[in-house]
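K.L.:
This is the structure, below, for whatever I ask next.
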Amino acid sequence: METTSLAPSLKNIAPQQEYLLQASILDANRDVLLHRLRGLCDNAESNFETFADYEAVYVLSFLESSAVQQSQAVSFRVRHALDDPEAPDHIRYIGQAELGDRARPTLVRACLDVACSSNVREFLQEMGFKLDYDCVMKGYFFHKGRMKVTVYKIFRLLQPGKTDSSNWEPLSMSHLVELSVVAPLGQEQIGEDMKNFAEQLKPLVVLEKFDHRRLHN
Amino acid sequence: MQAPQSKEEKQLETSLDDLLQRVRELKQGISSFIYKLENDYQNISWPNMMEHFGVLSSGLSTTKRLLKAEKMPLLRNYVLFPILLSPDRDPHLEKLTEGRVLAFNHEVVPDYLRTKPEPEVEEKVQLLSVKASSITPEVAQKQLTALNKITSNILDIINASSDEWDKDSNQKNVVPSTSSPQDTLTLISAITKGSKLRRPDPTSMQQCPPMGPTQQQQMQQQQQLQPQKPMPVVGRVPSTIKTNIKAAATSHPYQRP
Amino acid sequence: MGVSCVYMYPVPEGRSGAHVVEVLQKQVETIGGVKMGSFVVDCESYLSIMLSVSKTLQILHNTEYPASCFAVLDSGATLVADTLFNGLLSHLKAYYQARKGSKIESKGNRYQLADFVIKIGSVTLSGSFKGILVEVEYCPSVIASECWNLMKELLQSLIGNIAESPPPSLKMKMDEIYTPAMTMLQYLEHFNNFRKAAAVSQPPR
């Protein structure tokens with residue numbers, strides 16, 4: 001029997017948190033890291049899994065921007081796989097990063113991933129969103145259980161909107177390394193698991209809880 | 001049969017007993033270790049293994065110490081003289097040696113009762129000692145100092161390079177050369193805040209609506225940003241100044257038709 | 001998944017909606033329709049606040065596509081997303097707010113008749129009955145122009161001359177590949193009509 005109303009679980013979303021550790025590795029040392037990761041992660045026998053995503057960040061904010069209102073600005077990150085045209089586009093909302101106390105091993109932030117149709121960019125702009133910035137991310141990903149490791153390079157687009165690789169310019173001589181888990185609120189054990197995993201990558205990369213307040217625009 | 005024992009004989013007997021006891025213990029240690037290696041090798045751990053070796057080596061050194069002890073008579077002064085060799089099997093001997101030696105015959109005796117090296121070895125040693133004695137003390141002294149010099153030189157070289165290695169590995173621990181903190185900062189601020197990724201046009205549009213005085217600012221801003229932006233912007237600057245709306249339109253890659 | 005047409009079936013003066021629905025259901029069963037569960041299509045409006053131009057965002061769900069959420073803007077632009085899209089909306093509270101009393105839904109039985117799926121829904125706007133929507137879906141095809149005549153025949157035997165021509169929003173897209181979003185647009189059009197009618201008969205206090 002079908003239920004007459006939509007399943008409540010689909011309408012009430014359990015809030016998901018992203019647990020995150022970050023670091024970077026110089027391009028020259030990338031392969032050493034990749035081989036170590038392949039040994040540590042699941043599917044060690046298969047080839048590296050690669051990805052190439054175009055990410056555009058759209059922001060919705062009030063026109064008359066006072067500092068208070070600016071802080072209410074909402075950003076959606078729209079991702080689109082360049083290497084898999086069949087894959088749906090993807091909106092990601094990321095909340096403010098919480099560092100928590102010193103004892104907490106990882107950074108934690110609210111996180112919501114929504115797959116959507118490919119007209120999402122036009123749709124968001126019609127809703128009043130503006131393109132804030134965009135980039136291409138290309139690299140490798142690994143998983144171990146529910147932990148996800150990405151090693152990728154960030155490229156800026158020389159000409160807006162053109163995503164073919166001749167239009168890419170690397171942002172630095174390094175790859176960004178991220179170790180993350182998306183899970184429901186309050187599963188602090190994950191942080192410990194991640195810390196232990198990160199320990200095995202030292203001293204090649206030192207994954208750490210990166211204070212985003214240290215960043216400047 | 002037993003003749004009255006002299007003091008010396010008594011001492012020999014007791015010390016031999018001691019020695020036998022030690023050797024037996026040593027033998028037991030070895031055999032239990034071999035047993036473990038052969039039958040229980042799955043459960044043997046490295047520390048466990050080291051422990052066994054430790055026990056054996058301490059057994060060996062106590063035996064050695066026993067031989068050097070003062071009470072121990074000089075065993076080399078005693079002569080063992082085989083009176084009778086027999087090719088027949090000797091069950092008593094077999095029992096004593098736990099089956100290793102079956103008969104006291106011509107084959108085994110030279111091996112078991114040997115007190116000197118084999119003749120070929122003896123010859124070689126002889127040759128060497130003759131050679132050594134033929135050298136005058138002065139020459140020997142010279143050679144000795146030369147050897148000492150070489151040895152100490154090599155030692156110096158080894159010490160120097162080991163110091164260097166230590167320093168190297170220390171340096172690695174202090175500054176990991178596999179990543180650059182500056183790059184980490186750049187990349188993380190790019191993906192979280194969009195630094196170095198944001199295009200100047202839309203932001204300046206957003207921040208300063210097109211009004212007379214602000215246009216100048218905008219122009220300055222554009223020019224300041226120019227150096228870090230590659231070519232395309234250079235071509236677009238003039239149009240931005242003329243009509244901002246147009247500039248905004250070109251800057252949005254996902255225009256609706 | 002196939003081509004769907006959604007029509008409003010008028011309730012004659014002096015008859016109760018429930019009664020008319022019952023008559024329609026009997027009719028479907030008479031021609032061989034077998035009841036296969038029930039269905040709901042719902043819609044809620046979100047209004048933009050503090051943006052220079054006022055905008056309306058309609059959020060629709062359909063039990064036929066239980067893991068999807070359809071978002072429609074004034075221009076008709078439709079975004080198909082996971083139901084998690086609702087979670088994104090909660091982060092937009094400062095910009096888009098749900099309009100009170102805008103929740104409208106069409107709810108009823110779902111029938112299977114050979115290659116057709118027939119849905120007879122009672123429309124309620126914030127709890128009160130507003131009318132009847134009949135949806136007929138022809139599953140084997142995704143090009144409306146190729147199956148319209150077939151659908152028309154079935155529709156006319158059910159609801160008569162109301163189904164003389166394809167629904168207006170479908171007319172322009174008869175030769176395109178049909179998508180679930182087109183069904184949702186048809187529902188939205190009817191929902192908007194019901195809302196307008198309700199606003200006229202019940203002027204704002």
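In the structure tokens, each chain is lettered A, B, ... as it comes, each chain's residues begin at 1, and ligands are numbered from 1 in order of appearance.
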Select all residues from chain B having any atom no more than 6 Å from an atom of chain A (counting only C-alpha atoms, ignoring ligands), output as a PyMOL selection string.
P.N.:
chain B and resi 178-179+184+189+195+197-198+253
K.L.:
Write a file of the selected residues as a PDB file, in the first residue's frame, keeping N, CA and C atoms.
P.N.:
ATOM      1  N   THR B 178      57.453  18.662   2.106  1.00  0.00           N
ATOM      2  CA  THR B 178      56.465  18.121   1.187  1.00  0.00           C
ATOM      3  C   THR B 178      55.258  19.038   1.023  1.00  0.00           C
ATOM      4  N   SER B 179      55.122  20.025   1.880  1.00  0.00           N
ATOM      5  CA  SER B 179      53.993  20.933   1.697  1.00  0.00           C
ATOM      6  C   SER B 179      54.389  22.336   2.126  1.00  0.00           C
ATOM      7  N   THR B 184      48.808  26.108   1.512  1.00  0.00           N
ATOM      8  CA  THR B 184      47.631  25.628   2.228  1.00  0.00           C
ATOM      9  C   THR B 184      46.685  26.786   2.485  1.00  0.00           C
ATOM     10  N   SER B 189      41.722  29.394   1.549  1.00  0.00           N
ATOM     11  CA  SER B 189      40.943  30.633   1.466  1.00  0.00           C
ATOM     12  C   SER B 189      40.284  30.765   0.102  1.00  0.00           C
ATOM     13  N   SER B 195      38.921  33.827  -2.326  1.00  0.00           N
ATOM     14  CA  SER B 195      40.024  34.751  -2.588  1.00  0.00           C
ATOM     15  C   SER B 195      40.816  34.288  -3.795  1.00  0.00           C
ATOM     16  N   LEU B 197      39.863  34.031  -6.607  1.00  0.00           N
ATOM     17  CA  LEU B 197      39.006  33.433  -7.625  1.00  0.00           C
ATOM     18  C   LEU B 197      37.950  34.427  -8.089  1.00  0.00           C
ATOM     19  N   ARG B 198      37.583  35.328  -7.187  1.00  0.00           N
ATOM     20  CA  ARG B 198      36.503  36.263  -7.477  1.00  0.00           C
ATOM     21  C   ARG B 198      36.945  37.205  -8.597  1.00  0.00           C
ATOM     22  N   PRO B 253      28.414  34.335 -16.829  1.00  0.00           N
ATOM     23  CA  PRO B 253      28.553  33.302 -17.847  1.00  0.00           C
ATOM     24  C   PRO B 253      27.220  32.607 -18.165  1.00  0.00           C
TER      25      PRO B 253
END
K.L.:
Skipping near chain neighbours, those fewer than 6 positions away, what residues fall within 9 Å of Gly59 in chain B using only C-alpha atoms, listed as a PyMOL selection string?
P.N.:
chain B and resi 22-23+25-26+29
K.L.:
Select all residues from chain C having any atom no more than 9 Å from an atom of chain A (counting only C-alpha atoms, ignoring ligands), output as a PyMOL selection string.
P.N.:
chain C and resi 36-41+48+50-53+55-57+61-63+66-68+72-73+75+77-88+91-92+94-95+107-108
K.L.:
Identify, on the basis of only C-alpha atoms, every residue whose closest approach to Asn193 in chain C does not exceed 12 Å; exclude the query and any residue fewer than 6 positions from it along the same chain; express the result as a VMD selection string.
P.N.:
chain C and resid 7 to 8 104 123 125 130 to 131 133 186 to 187 199 to 200
K.L.:
What would the file look like if the residues just selected were written as a compact mmCIF listing (two decimals), in the first residue's frame with N, CA and C atoms?
P.N.:
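The result, written out as part_21.txt:
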# COMPACT_ATOMS: atom_id res chain seq x y z
N TYR C 7 -6.61 17.94 -16.08
CA TYR C 7 -7.76 18.81 -16.36
C TYR C 7 -8.53 19.08 -15.08
N MET C 8 -9.15 20.27 -15.08
CA MET C 8 -10.04 20.60 -13.97
C MET C 8 -11.43 20.08 -14.33
N ILE C 104 -1.56 24.09 -0.92
CA ILE C 104 -2.67 23.52 -1.69
C ILE C 104 -2.27 22.13 -2.13
N VAL C 123 -9.06 18.77 -4.64
CA VAL C 123 -8.12 19.84 -4.35
C VAL C 123 -8.56 20.56 -3.07
N LEU C 125 -7.42 23.74 -0.42
CA LEU C 125 -6.54 24.88 -0.15
C LEU C 125 -6.66 25.19 1.33
N LYS C 130 -11.75 22.73 -2.87
CA LYS C 130 -11.83 23.76 -3.90
C LYS C 130 -12.25 23.23 -5.26
N GLY C 131 -12.04 21.95 -5.52
CA GLY C 131 -12.39 21.44 -6.83
C GLY C 131 -11.77 20.08 -7.09
N LEU C 133 -9.31 17.68 -9.80
CA LEU C 133 -8.36 17.59 -10.91
C LEU C 133 -8.25 16.13 -11.35
N GLN C 186 1.58 21.75 -15.12
CA GLN C 186 0.13 21.70 -15.32
C GLN C 186 -0.60 21.81 -13.99
N TYR C 187 -0.13 21.06 -13.00
CA TYR C 187 -0.75 21.13 -11.68
C TYR C 187 -0.66 22.55 -11.13
N ALA C 199 -9.15 33.84 -3.80
CA ALA C 199 -8.85 35.22 -3.38
C ALA C 199 -9.99 36.15 -3.77
N VAL C 200 -10.62 35.87 -4.93
CA VAL C 200 -11.71 36.73 -5.38
C VAL C 200 -12.94 36.54 -4.50
K.L.:
Which is closest to Lys209 in chain A among B:Ile188, B:Asp166, B:Ile158, B:Thr62, if we use only C-alpha atoms?
P.N.:
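Closest to Lys209 in chain A of all the choices is B:Ile188.
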K.L.:
As an NGL selection string, please: every residue in range 48-215 of chain A that DSSP puts in strand (DSSP E or B).
P.N.:
:A and (49-60 or 74-81 or 89-98 or 107-116 or 130-144 or 147-157 or 168-170 or 174-184 or 208)
K.L.:
What is the CA of Arg79 in chain A-CA of Thr192 in chain B distance in Å, reported with one decimal?
P.N.:
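These two atoms are separated by 14.3 Å.
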K.L.:
Work out how far CA of Ser58 in chain B is from CA of Arg114 in chain B, in Å to one decimal.
P.N.:
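Going from CA of Arg114 in chain B over to CA of Ser58 in chain B, I get 26.9 Å.
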K.L.:
Kindly give the distance, in Å, that separates CA of Thr97 in chain B and CA of Arg24 in chain B, rounded to a single decimal.
P.N.:
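Separation between CA of Thr97 in chain B and CA of Arg24 in chain B: 11.8 Å.
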